[in-house]
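K.L.:
structure_14.cif is the file, holding mmCIF, C-alpha atoms:
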data_run
#
loop_
_atom_site.group_PDB
_atom_site.id
_atom_site.type_symbol
_atom_site.label_atom_id
_atom_site.label_comp_id
_atom_site.auth_asym_id
_atom_site.auth_seq_id
_atom_site.Cartn_x
_atom_site.Cartn_y
_atom_site.Cartn_z
ATOM 1 C CA MET A 13 -11.490 14.613 -66.788
ATOM 2 C CA SER A 14 -8.727 12.524 -65.316
ATOM 3 C CA ILE A 15 -6.189 13.209 -62.627
ATOM 4 C CA ASP A 16 -2.599 12.282 -63.193
ATOM 5 C CA VAL A 17 -1.855 10.476 -59.956
ATOM 6 C CA GLU A 18 1.698 9.608 -60.945
ATOM 7 C CA GLU A 19 2.514 13.265 -61.278
ATOM 8 C CA HIS A 20 1.345 13.938 -57.698
ATOM 9 C CA GLU A 21 3.206 11.003 -56.253
ATOM 10 C CA THR A 22 6.522 11.900 -57.773
ATOM 11 C CA ALA A 23 6.391 15.654 -57.409
ATOM 12 C CA SER A 24 7.213 17.420 -54.173
ATOM 13 C CA PRO A 25 5.746 20.902 -54.447
ATOM 14 C CA HIS A 26 6.039 23.291 -51.509
ATOM 15 C CA GLY A 27 8.361 21.000 -49.578
ATOM 16 C CA ALA A 28 6.006 18.022 -49.562
ATOM 17 C CA THR A 29 7.559 14.628 -48.932
ATOM 18 C CA PRO A 30 8.475 12.849 -52.157
ATOM 19 C CA GLY A 31 6.204 9.918 -52.805
ATOM 20 C CA VAL A 32 3.334 11.361 -50.782
ATOM 21 C CA ALA A 33 0.573 13.250 -52.535
ATOM 22 C CA PRO A 34 -0.240 16.674 -50.985
ATOM 23 C CA THR A 35 -3.708 15.535 -49.982
ATOM 24 C CA TRP A 36 -5.216 14.940 -46.554
ATOM 25 C CA THR A 37 -5.123 11.193 -47.164
ATOM 26 C CA GLY A 38 -1.462 11.374 -48.092
ATOM 27 C CA ARG A 39 -0.606 13.499 -45.067
ATOM 28 C CA PHE A 40 -2.633 11.201 -42.779
ATOM 29 C CA ARG A 41 -0.884 8.114 -44.146
ATOM 30 C CA ARG A 42 2.527 9.712 -43.709
ATOM 31 C CA TRP A 43 1.672 10.663 -40.119
ATOM 32 C CA ALA A 44 0.247 7.222 -39.318
ATOM 33 C CA VAL A 45 3.210 5.324 -40.739
ATOM 34 C CA ARG A 46 5.695 7.632 -39.019
ATOM 35 C CA ASP A 47 4.078 7.612 -35.554
ATOM 36 C CA LEU A 48 2.504 4.164 -35.562
ATOM 37 C CA PRO A 49 4.676 1.819 -37.597
ATOM 38 C CA PRO A 50 3.557 -1.836 -37.547
ATOM 39 C CA ASP A 51 6.166 -2.901 -34.987
ATOM 40 C CA LYS A 52 4.835 -0.243 -32.588
ATOM 41 C CA LEU A 53 1.197 -0.895 -33.385
ATOM 42 C CA LEU A 54 1.427 -4.639 -32.761
ATOM 43 C CA PRO A 55 4.632 -5.271 -30.796
ATOM 44 C CA ASP A 56 5.693 -8.853 -30.169
ATOM 45 C CA THR A 57 7.880 -8.006 -27.184
ATOM 46 C CA GLN A 58 7.679 -5.607 -24.266
ATOM 47 C CA PRO A 59 10.349 -4.042 -22.038
ATOM 48 C CA ALA A 60 11.482 -6.245 -19.120
ATOM 49 C CA TYR A 61 9.816 -3.994 -16.546
ATOM 50 C CA VAL A 62 6.395 -4.894 -17.955
ATOM 51 C CA ALA A 63 6.769 -8.328 -16.317
ATOM 52 C CA SER A 64 4.643 -7.321 -13.321
ATOM 53 C CA TRP A 65 1.042 -8.073 -12.455
ATOM 54 C CA ILE A 66 0.229 -4.373 -12.154
ATOM 55 C CA TYR A 67 0.793 -3.963 -15.913
ATOM 56 C CA VAL A 68 -1.871 -6.590 -16.614
ATOM 57 C CA PHE A 69 -4.824 -4.493 -15.493
ATOM 58 C CA GLY A 70 -4.995 -2.292 -18.585
ATOM 59 C CA ALA A 71 -5.474 -5.369 -20.769
ATOM 60 C CA LEU A 72 -7.957 -6.801 -18.268
ATOM 61 C CA THR A 73 -9.939 -3.565 -18.509
ATOM 62 C CA LEU A 74 -9.996 -3.871 -22.291
ATOM 63 C CA ALA A 75 -11.164 -7.493 -22.046
ATOM 64 C CA ALA A 76 -13.980 -6.531 -19.674
ATOM 65 C CA PHE A 77 -14.898 -3.660 -22.000
ATOM 66 C CA ALA A 78 -15.202 -6.099 -24.901
ATOM 67 C CA VAL A 79 -17.484 -8.341 -22.819
ATOM 68 C CA VAL A 80 -19.648 -5.343 -21.900
ATOM 69 C CA VAL A 81 -19.945 -4.181 -25.518
ATOM 70 C CA LEU A 82 -20.738 -7.641 -26.877
ATOM 71 C CA SER A 83 -23.282 -8.502 -24.169
ATOM 72 C CA GLY A 84 -24.813 -5.034 -24.595
ATOM 73 C CA ALA A 85 -25.161 -5.654 -28.331
ATOM 74 C CA VAL A 86 -27.046 -8.894 -27.605
ATOM 75 C CA LEU A 87 -29.327 -7.064 -25.156
ATOM 76 C CA ALA A 88 -30.003 -4.370 -27.763
ATOM 77 C CA ILE A 89 -30.901 -6.995 -30.348
ATOM 78 C CA LYS A 90 -33.293 -8.893 -28.113
ATOM 79 C CA GLY A 91 -34.853 -6.100 -26.023
ATOM 80 C CA PRO A 92 -36.141 -5.730 -22.438
ATOM 81 C CA ALA A 93 -38.991 -8.255 -22.742
ATOM 82 C CA TRP A 94 -36.269 -10.854 -23.365
ATOM 83 C CA TRP A 95 -33.708 -9.802 -20.773
ATOM 84 C CA HIS A 96 -36.309 -9.545 -18.001
ATOM 85 C CA VAL A 97 -38.143 -12.824 -18.602
ATOM 86 C CA SER A 98 -36.168 -15.567 -20.325
ATOM 87 C CA SER A 99 -33.356 -17.512 -18.649
ATOM 88 C CA ALA A 100 -30.934 -16.693 -21.460
ATOM 89 C CA GLY A 101 -31.918 -13.016 -21.279
ATOM 90 C CA LEU A 102 -31.380 -12.900 -17.528
ATOM 91 C CA PHE A 103 -27.999 -14.555 -18.019
ATOM 92 C CA VAL A 104 -26.821 -12.075 -20.677
ATOM 93 C CA ASN A 105 -28.183 -9.214 -18.575
ATOM 94 C CA SER A 106 -26.108 -10.498 -15.652
ATOM 95 C CA VAL A 107 -23.040 -10.859 -17.880
ATOM 96 C CA HIS A 108 -23.512 -7.217 -18.904
ATOM 97 C CA LEU A 109 -23.792 -6.112 -15.265
ATOM 98 C CA TRP A 110 -20.875 -8.159 -13.950
ATOM 99 C CA GLY A 111 -18.759 -7.288 -16.971
ATOM 100 C CA THR A 112 -19.317 -3.653 -16.048
ATOM 101 C CA GLU A 113 -18.445 -4.342 -12.413
ATOM 102 C CA LEU A 114 -15.188 -6.006 -13.493
ATOM 103 C CA PHE A 115 -14.508 -3.231 -16.022
ATOM 104 C CA PHE A 116 -14.538 -0.624 -13.259
ATOM 105 C CA PHE A 117 -12.764 -2.951 -10.826
ATOM 106 C CA PHE A 118 -9.855 -3.454 -13.228
ATOM 107 C CA MET A 119 -9.884 0.141 -14.465
ATOM 108 C CA VAL A 120 -9.580 1.618 -10.968
ATOM 109 C CA ILE A 121 -6.677 -0.704 -10.083
ATOM 110 C CA HIS A 122 -5.100 0.259 -13.441
ATOM 111 C CA LEU A 123 -5.626 3.908 -12.456
ATOM 112 C CA TRP A 124 -4.017 3.398 -9.025
ATOM 113 C CA GLY A 125 -1.028 1.663 -10.576
ATOM 114 C CA LYS A 126 -0.496 4.357 -13.198
ATOM 115 C CA PHE A 127 -1.014 7.157 -10.674
ATOM 116 C CA PHE A 128 1.641 5.843 -8.291
ATOM 117 C CA MET A 129 4.124 5.320 -11.132
ATOM 118 C CA ALA A 130 3.337 8.841 -12.483
ATOM 119 C CA ALA A 131 2.460 7.403 -15.869
ATOM 120 C CA TRP A 132 2.236 10.850 -17.456
ATOM 121 C CA ARG A 133 6.069 11.037 -17.537
ATOM 122 C CA GLY A 134 7.950 10.988 -20.825
ATOM 123 C CA ARG A 135 5.513 12.857 -23.073
ATOM 124 C CA ARG A 136 2.632 10.664 -21.948
ATOM 125 C CA LYS A 137 0.316 13.458 -20.769
ATOM 126 C CA ALA A 138 -2.156 12.810 -23.596
ATOM 127 C CA THR A 139 -2.223 9.122 -22.667
ATOM 128 C CA TRP A 140 -3.109 10.028 -19.093
ATOM 129 C CA ILE A 141 -5.752 12.572 -20.131
ATOM 130 C CA THR A 142 -7.491 10.222 -22.573
ATOM 131 C CA GLY A 143 -7.557 7.611 -19.793
ATOM 132 C CA VAL A 144 -9.225 10.111 -17.466
ATOM 133 C CA LEU A 145 -11.766 11.020 -20.153
ATOM 134 C CA ALA A 146 -12.511 7.337 -20.796
ATOM 135 C CA PHE A 147 -12.996 6.832 -17.051
ATOM 136 C CA VAL A 148 -15.362 9.794 -16.664
ATOM 137 C CA THR A 149 -17.463 8.955 -19.713
ATOM 138 C CA SER A 150 -17.600 5.324 -18.543
ATOM 139 C CA ILE A 151 -19.211 6.506 -15.305
ATOM 140 C CA ALA A 152 -21.871 8.378 -17.282
ATOM 141 C CA THR A 153 -22.402 5.302 -19.462
ATOM 142 C CA ALA A 154 -22.848 3.064 -16.427
ATOM 143 C CA PHE A 155 -25.233 5.583 -14.869
ATOM 144 C CA THR A 156 -27.465 5.685 -17.934
ATOM 145 C CA GLY A 157 -27.302 1.897 -17.920
ATOM 146 C CA TYR A 158 -28.847 1.821 -14.453
ATOM 147 C CA LEU A 159 -31.575 4.116 -15.818
ATOM 148 C CA SER A 160 -32.192 1.800 -18.797
ATOM 149 C CA GLN A 161 -33.023 -1.355 -16.837
ATOM 150 C CA GLN A 162 -36.787 -0.760 -17.116
ATOM 151 C CA ASN A 163 -37.616 -1.933 -13.601
ATOM 152 C CA PHE A 164 -38.386 -0.377 -10.203
ATOM 153 C CA ASP A 165 -34.670 -0.001 -9.515
ATOM 154 C CA SER A 166 -34.156 2.222 -12.563
ATOM 155 C CA GLU A 167 -37.263 4.254 -11.705
ATOM 156 C CA TRP A 168 -36.009 4.831 -8.163
ATOM 157 C CA ILE A 169 -32.532 5.813 -9.395
ATOM 158 C CA GLY A 170 -34.054 8.202 -11.954
ATOM 159 C CA THR A 171 -36.271 9.943 -9.438
ATOM 160 C CA GLN A 172 -33.428 10.192 -6.936
ATOM 161 C CA ALA A 173 -30.943 11.469 -9.515
ATOM 162 C CA LYS A 174 -33.157 14.101 -11.142
ATOM 163 C CA ASP A 175 -32.734 16.578 -8.293
ATOM 164 C CA GLY A 176 -28.979 16.258 -8.413
ATOM 165 C CA ILE A 177 -28.862 16.670 -12.195
ATOM 166 C CA ASN A 178 -31.288 19.609 -12.037
ATOM 167 C CA ALA A 179 -29.093 21.257 -9.416
ATOM 168 C CA THR A 180 -26.225 21.293 -11.902
ATOM 169 C CA GLY A 181 -28.406 22.998 -14.521
ATOM 170 C CA ALA A 182 -28.021 20.088 -16.944
ATOM 171 C CA GLY A 183 -31.531 18.774 -16.300
ATOM 172 C CA ALA A 184 -32.970 21.115 -18.918
ATOM 173 C CA PHE A 185 -31.464 19.091 -21.753
ATOM 174 C CA TRP A 186 -30.423 15.872 -19.988
ATOM 175 C CA ASN A 187 -33.547 14.484 -18.344
ATOM 176 C CA VAL A 188 -32.855 11.346 -16.321
ATOM 177 C CA LEU A 189 -36.610 10.658 -16.175
ATOM 178 C CA ASP A 190 -36.765 10.503 -19.977
ATOM 179 C CA PHE A 191 -36.249 6.792 -20.544
ATOM 180 C CA GLY A 192 -35.911 7.091 -24.318
ATOM 181 C CA GLN A 193 -33.213 9.743 -24.031
ATOM 182 C CA MET A 194 -31.272 7.811 -21.393
ATOM 183 C CA LEU A 195 -31.502 4.553 -23.363
ATOM 184 C CA LEU A 196 -30.234 6.189 -26.553
ATOM 185 C CA TRP A 197 -27.369 7.845 -24.702
ATOM 186 C CA HIS A 198 -26.562 4.498 -23.103
ATOM 187 C CA VAL A 199 -26.601 2.331 -26.223
ATOM 188 C CA LEU A 200 -25.267 4.796 -28.816
ATOM 189 C CA LEU A 201 -23.714 8.112 -27.854
ATOM 190 C CA LEU A 202 -21.802 7.293 -24.681
ATOM 191 C CA PRO A 203 -20.439 3.905 -25.841
ATOM 192 C CA LEU A 204 -19.246 5.647 -28.995
ATOM 193 C CA VAL A 205 -17.455 8.328 -26.979
ATOM 194 C CA VAL A 206 -15.948 5.759 -24.578
ATOM 195 C CA SER A 207 -14.787 3.629 -27.526
ATOM 196 C CA ILE A 208 -13.129 6.637 -29.167
ATOM 197 C CA PHE A 209 -11.308 7.631 -25.964
ATOM 198 C CA VAL A 210 -10.263 4.026 -25.292
ATOM 199 C CA GLY A 211 -9.063 3.660 -28.885
ATOM 200 C CA ILE A 212 -6.986 6.854 -28.747
ATOM 201 C CA HIS A 213 -5.687 5.819 -25.315
ATOM 202 C CA VAL A 214 -4.475 2.445 -26.599
ATOM 203 C CA LEU A 215 -2.898 3.993 -29.710
ATOM 204 C CA LEU A 216 -1.057 6.514 -27.519
ATOM 205 C CA VAL A 217 0.213 3.674 -25.322
ATOM 206 C CA ARG A 218 1.507 2.004 -28.498
ATOM 207 C CA ARG A 219 3.049 5.245 -29.722
ATOM 208 C CA ARG A 220 4.806 6.280 -26.503
ATOM 209 C CA GLY A 221 5.368 2.820 -25.049
ATOM 210 C CA VAL A 222 4.502 1.557 -21.586
ATOM 211 C CA VAL A 223 5.778 3.905 -18.890
ATOM 212 C CA PRO A 224 8.898 2.570 -17.161
ATOM 213 C CA PRO A 225 9.229 2.362 -13.366
ATOM 214 C CA PHE A 226 11.026 5.239 -11.599
ATOM 215 C CA ASP A 227 14.332 3.387 -11.228
ATOM 216 C CA ASP A 228 14.417 2.640 -14.932
ATOM 217 C CA SER A 229 13.059 5.948 -16.176
ATOM 218 C CA ALA A 230 16.195 8.053 -16.886
ATOM 219 C CA GLY A 231 14.030 10.901 -18.024
ATOM 220 C CA ALA A 232 11.212 8.518 -18.833
ATOM 221 C CA GLU A 233 11.566 8.980 -22.543
ATOM 222 C CA PRO A 234 9.413 6.637 -24.581
ATOM 223 C CA ALA A 235 10.890 3.173 -24.312
ATOM 224 C CA GLN A 236 12.623 1.802 -27.347
ATOM 225 C CA ALA A 237 11.682 -1.655 -28.484
ATOM 226 C CA GLU A 238 14.012 -3.858 -26.484
ATOM 227 C CA PRO A 239 13.719 -7.604 -26.519
ATOM 228 C CA ALA A 240 12.639 -8.591 -23.067
ATOM 229 C CA GLY A 241 11.603 -12.170 -23.428
ATOM 230 C CA THR A 242 8.350 -11.421 -21.644
ATOM 231 C CA ALA A 243 5.973 -11.262 -24.505
ATOM 232 C CA SER A 244 2.601 -10.272 -23.166
ATOM 233 C CA MET B 6 -35.194 -23.387 -8.441
ATOM 234 C CA PRO B 7 -31.561 -22.552 -9.285
ATOM 235 C CA ASN B 8 -31.949 -19.025 -7.900
ATOM 236 C CA LEU B 9 -32.423 -20.337 -4.373
ATOM 237 C CA VAL B 10 -28.725 -20.982 -3.854
ATOM 238 C CA PRO B 11 -27.457 -17.387 -4.276
ATOM 239 C CA ALA B 12 -30.648 -16.060 -2.720
ATOM 240 C CA SER B 13 -29.959 -18.048 0.420
ATOM 241 C CA LEU B 14 -26.449 -16.598 0.704
ATOM 242 C CA ILE B 15 -27.404 -12.916 0.358
ATOM 243 C CA ASP B 16 -30.920 -11.723 1.095
ATOM 244 C CA LEU B 17 -31.577 -9.013 -1.473
ATOM 245 C CA SER B 18 -35.147 -8.415 -0.297
ATOM 246 C CA ARG B 19 -34.024 -6.470 2.740
ATOM 247 C CA PRO B 20 -32.438 -3.033 3.058
ATOM 248 C CA GLY B 21 -28.640 -3.231 2.780
ATOM 249 C CA HIS B 22 -26.288 -2.878 5.696
ATOM 250 C CA TYR B 23 -24.402 0.386 6.045
ATOM 251 C CA VAL B 24 -21.289 1.497 7.887
ATOM 252 C CA HIS B 25 -21.477 4.927 9.537
ATOM 253 C CA TRP B 26 -18.151 6.469 10.497
ATOM 254 C CA GLY B 27 -18.246 10.207 11.031
ATOM 255 C CA PHE B 28 -19.224 11.795 7.737
ATOM 256 C CA ILE B 29 -18.533 8.517 5.919
ATOM 257 C CA ASP B 30 -21.678 6.559 5.098
ATOM 258 C CA ILE B 31 -21.048 3.527 2.897
ATOM 259 C CA SER B 32 -22.821 0.267 2.211
ATOM 260 C CA VAL B 33 -21.107 -2.915 3.348
ATOM 261 C CA ALA B 34 -21.261 -4.203 -0.250
ATOM 262 C CA ASN B 35 -19.335 -1.208 -1.601
ATOM 263 C CA LEU B 36 -16.890 -1.346 1.319
ATOM 264 C CA VAL B 37 -16.182 -5.020 0.624
ATOM 265 C CA VAL B 38 -15.528 -4.287 -3.070
ATOM 266 C CA ILE B 39 -13.146 -1.435 -2.212
ATOM 267 C CA CYS B 40 -11.281 -3.628 0.303
ATOM 268 C CA VAL B 41 -10.950 -6.402 -2.300
ATOM 269 C CA MET B 42 -9.633 -3.847 -4.828
ATOM 270 C CA VAL B 43 -6.997 -2.644 -2.370
ATOM 271 C CA LEU B 44 -6.053 -6.267 -1.651
ATOM 272 C CA VAL B 45 -5.756 -7.093 -5.366
ATOM 273 C CA PHE B 46 -3.693 -3.930 -5.920
ATOM 274 C CA VAL B 47 -1.260 -4.897 -3.141
ATOM 275 C CA LEU B 48 -0.994 -8.440 -4.503
ATOM 276 C CA ALA B 49 -0.411 -7.096 -8.026
ATOM 277 C CA ILE B 50 2.627 -5.082 -6.944
ATOM 278 C CA THR B 51 4.074 -7.733 -4.613
ATOM 279 C CA LEU B 52 3.484 -11.131 -6.205
ATOM 280 C CA PRO B 53 6.188 -12.255 -8.650
ATOM 281 C CA PHE B 54 5.189 -12.389 -12.289
ATOM 282 C CA PRO B 55 5.676 -15.763 -13.994
ATOM 283 C CA HIS B 56 8.282 -15.507 -16.711
ATOM 284 C CA GLY B 57 7.263 -16.854 -20.070
ATOM 285 C CA ARG B 58 9.456 -18.227 -22.798
ATOM 286 C CA LYS B 59 12.429 -16.188 -23.910
ATOM 287 C CA ALA B 60 12.039 -14.311 -27.150
ATOM 288 C CA LYS B 61 14.224 -15.612 -29.947
ATOM 289 C CA ARG B 62 16.128 -12.845 -31.637
#
Could the structure of this file be written out as structure tokens, please?
P.N.:
Amino acid sequence: MSIDVEEHETASPHGATPGVAPTWTGRFRRWAVRDLPPDKLLPDTQPAYVASWIYVFGALTLAAFAVVVLSGAVLAIKGPAWWHVSSAGLFVNSVHLWGTELFFFFMVIHLWGKFFMAAWRGRRKATWITGVLAFVTSIATAFTGYLSQQNFDSEWIGTQAKDGINATGAGAFWNVLDFGQMLLWHVLLLPLVVSIFVGIHVLLVRRRGVVPPFDDSAGAEPAQAEPAGTAS
Amino acid sequence: MPNLVPASLIDLSRPGHYVHWGFIDISVANLVVICVMVLVFVLAITLPFPHGRKAKR
């Protein structure tokens, strides 16, 4: 049995867009091309108001996130016997820790900047919310990271945290004294969730544009691509 | 021993120092980080941004 693709692509039954097959892949492609055209997805210029240091901290957060993910992947490959004993392991472990410190450092300054410029203006509420979700899940990821160190520090943190987690009622299924559970959450589930939120957040920034300052907002509608000469 | 240099600057074998101010109870290390973040934030919104090359259109 064969499917006549040409017939689908040229027909427009039930008001479907000509040239797009009435399938979920066709609808997804139409949506993606309409909302995220290449010039929005990878812009080569930014509005003039982006020429400020405060707009740099989102990209710095992404860079720190990449360092954390890559160093974490190396730690996962080599294991705790390596990161606790060897010089290279201690170094990569430190890179993972300090990358995380910088990730939160940059992310909080990014948050302050966006809060004081009310970055949810101009149909950017979803951008703001996905940023909040990325921030909250990052805290949980960092917390499980402290529990995954496999040293006295992680044991102390686990025993101190269990009462707090139990008080919320979550301790029944989220046991901070269960090293295996915390490690798996730290290296698989939570990084996956953070990556998804960060990815959606960045795509929404591309879709709606960078929020303009108050003086330049004029309703704060999504900025059109204007040549600014400040390619960033 | 390369670890002696940082170890001599900050002694990590002792309990940390804490600041007590009313109901606020914070370690000096965390307070320093927060102060540096505020400083960087103020610098980020006040320092001029270097202008790169003009886009050719």
K.L.:
Quick one: of A:Thr112, A:Asn187, A:Asn105, A:Asn178, who's nearest to Lys90 of chain A, counting only C-alpha atoms?
P.N.:
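Smallest distance to Lys90 of chain A is found for A:Asn105.
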K.L.:
Check every residue of chain A for an atom within 12 Å of chain B, counting only C-alpha atoms, and provide those that qualify as an mmCIF file with C-alpha atoms, keeping the file's coordinate frame.
P.N.:
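Okay, this is what ended up in iface-v8.cif:
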data_model
loop_
_atom_site.group_PDB
_atom_site.id
_atom_site.type_symbol
_atom_site.label_atom_id
_atom_site.label_comp_id
_atom_site.auth_asym_id
_atom_site.auth_seq_id
_atom_site.Cartn_x
_atom_site.Cartn_y
_atom_site.Cartn_z
ATOM 1 C CA ASP A 56 5.693 -8.853 -30.169
ATOM 2 C CA THR A 57 7.880 -8.006 -27.184
ATOM 3 C CA GLN A 58 7.679 -5.607 -24.266
ATOM 4 C CA PRO A 59 10.349 -4.042 -22.038
ATOM 5 C CA ALA A 60 11.482 -6.245 -19.120
ATOM 6 C CA TYR A 61 9.816 -3.994 -16.546
ATOM 7 C CA VAL A 62 6.395 -4.894 -17.955
ATOM 8 C CA ALA A 63 6.769 -8.328 -16.317
ATOM 9 C CA SER A 64 4.643 -7.321 -13.321
ATOM 10 C CA TRP A 65 1.042 -8.073 -12.455
ATOM 11 C CA ILE A 66 0.229 -4.373 -12.154
ATOM 12 C CA TYR A 67 0.793 -3.963 -15.913
ATOM 13 C CA VAL A 68 -1.871 -6.590 -16.614
ATOM 14 C CA PHE A 69 -4.824 -4.493 -15.493
ATOM 15 C CA SER A 99 -33.356 -17.512 -18.649
ATOM 16 C CA LEU A 102 -31.380 -12.900 -17.528
ATOM 17 C CA PHE A 103 -27.999 -14.555 -18.019
ATOM 18 C CA GLU A 113 -18.445 -4.342 -12.413
ATOM 19 C CA LEU A 114 -15.188 -6.006 -13.493
ATOM 20 C CA PHE A 116 -14.538 -0.624 -13.259
ATOM 21 C CA PHE A 117 -12.764 -2.951 -10.826
ATOM 22 C CA PHE A 118 -9.855 -3.454 -13.228
ATOM 23 C CA MET A 119 -9.884 0.141 -14.465
ATOM 24 C CA VAL A 120 -9.580 1.618 -10.968
ATOM 25 C CA ILE A 121 -6.677 -0.704 -10.083
ATOM 26 C CA HIS A 122 -5.100 0.259 -13.441
ATOM 27 C CA LEU A 123 -5.626 3.908 -12.456
ATOM 28 C CA TRP A 124 -4.017 3.398 -9.025
ATOM 29 C CA GLY A 125 -1.028 1.663 -10.576
ATOM 30 C CA LYS A 126 -0.496 4.357 -13.198
ATOM 31 C CA PHE A 128 1.641 5.843 -8.291
ATOM 32 C CA MET A 129 4.124 5.320 -11.132
ATOM 33 C CA PRO A 225 9.229 2.362 -13.366
ATOM 34 C CA GLU A 238 14.012 -3.858 -26.484
ATOM 35 C CA PRO A 239 13.719 -7.604 -26.519
ATOM 36 C CA ALA A 240 12.639 -8.591 -23.067
ATOM 37 C CA GLY A 241 11.603 -12.170 -23.428
ATOM 38 C CA THR A 242 8.350 -11.421 -21.644
ATOM 39 C CA ALA A 243 5.973 -11.262 -24.505
ATOM 40 C CA SER A 244 2.601 -10.272 -23.166
#
K.L.:
What does the distance between atom CA of Gln172 of chain A and atom CA of Ile89 of chain A come to in Å, to one decimal place?
P.N.:
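Taking atom CA of Gln172 of chain A and atom CA of Ile89 of chain A, their separation equals 29.2 Å.
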K.L.:
What is the distance between atom CA of Asp16 of chain B and atom CA of Phe164 of chain A, in Å to one decimal?
P.N.:
17.7 Å
K.L.:
Smallest atom-to-atom distance to Phe147 of chain A: which of A:Leu53, A:Val210, A:Ala75, A:Ala44, using only C-alpha atoms?
P.N.:
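Using only C-alpha atoms, the shortest distance to Phe147 of chain A belongs to A:Val210.
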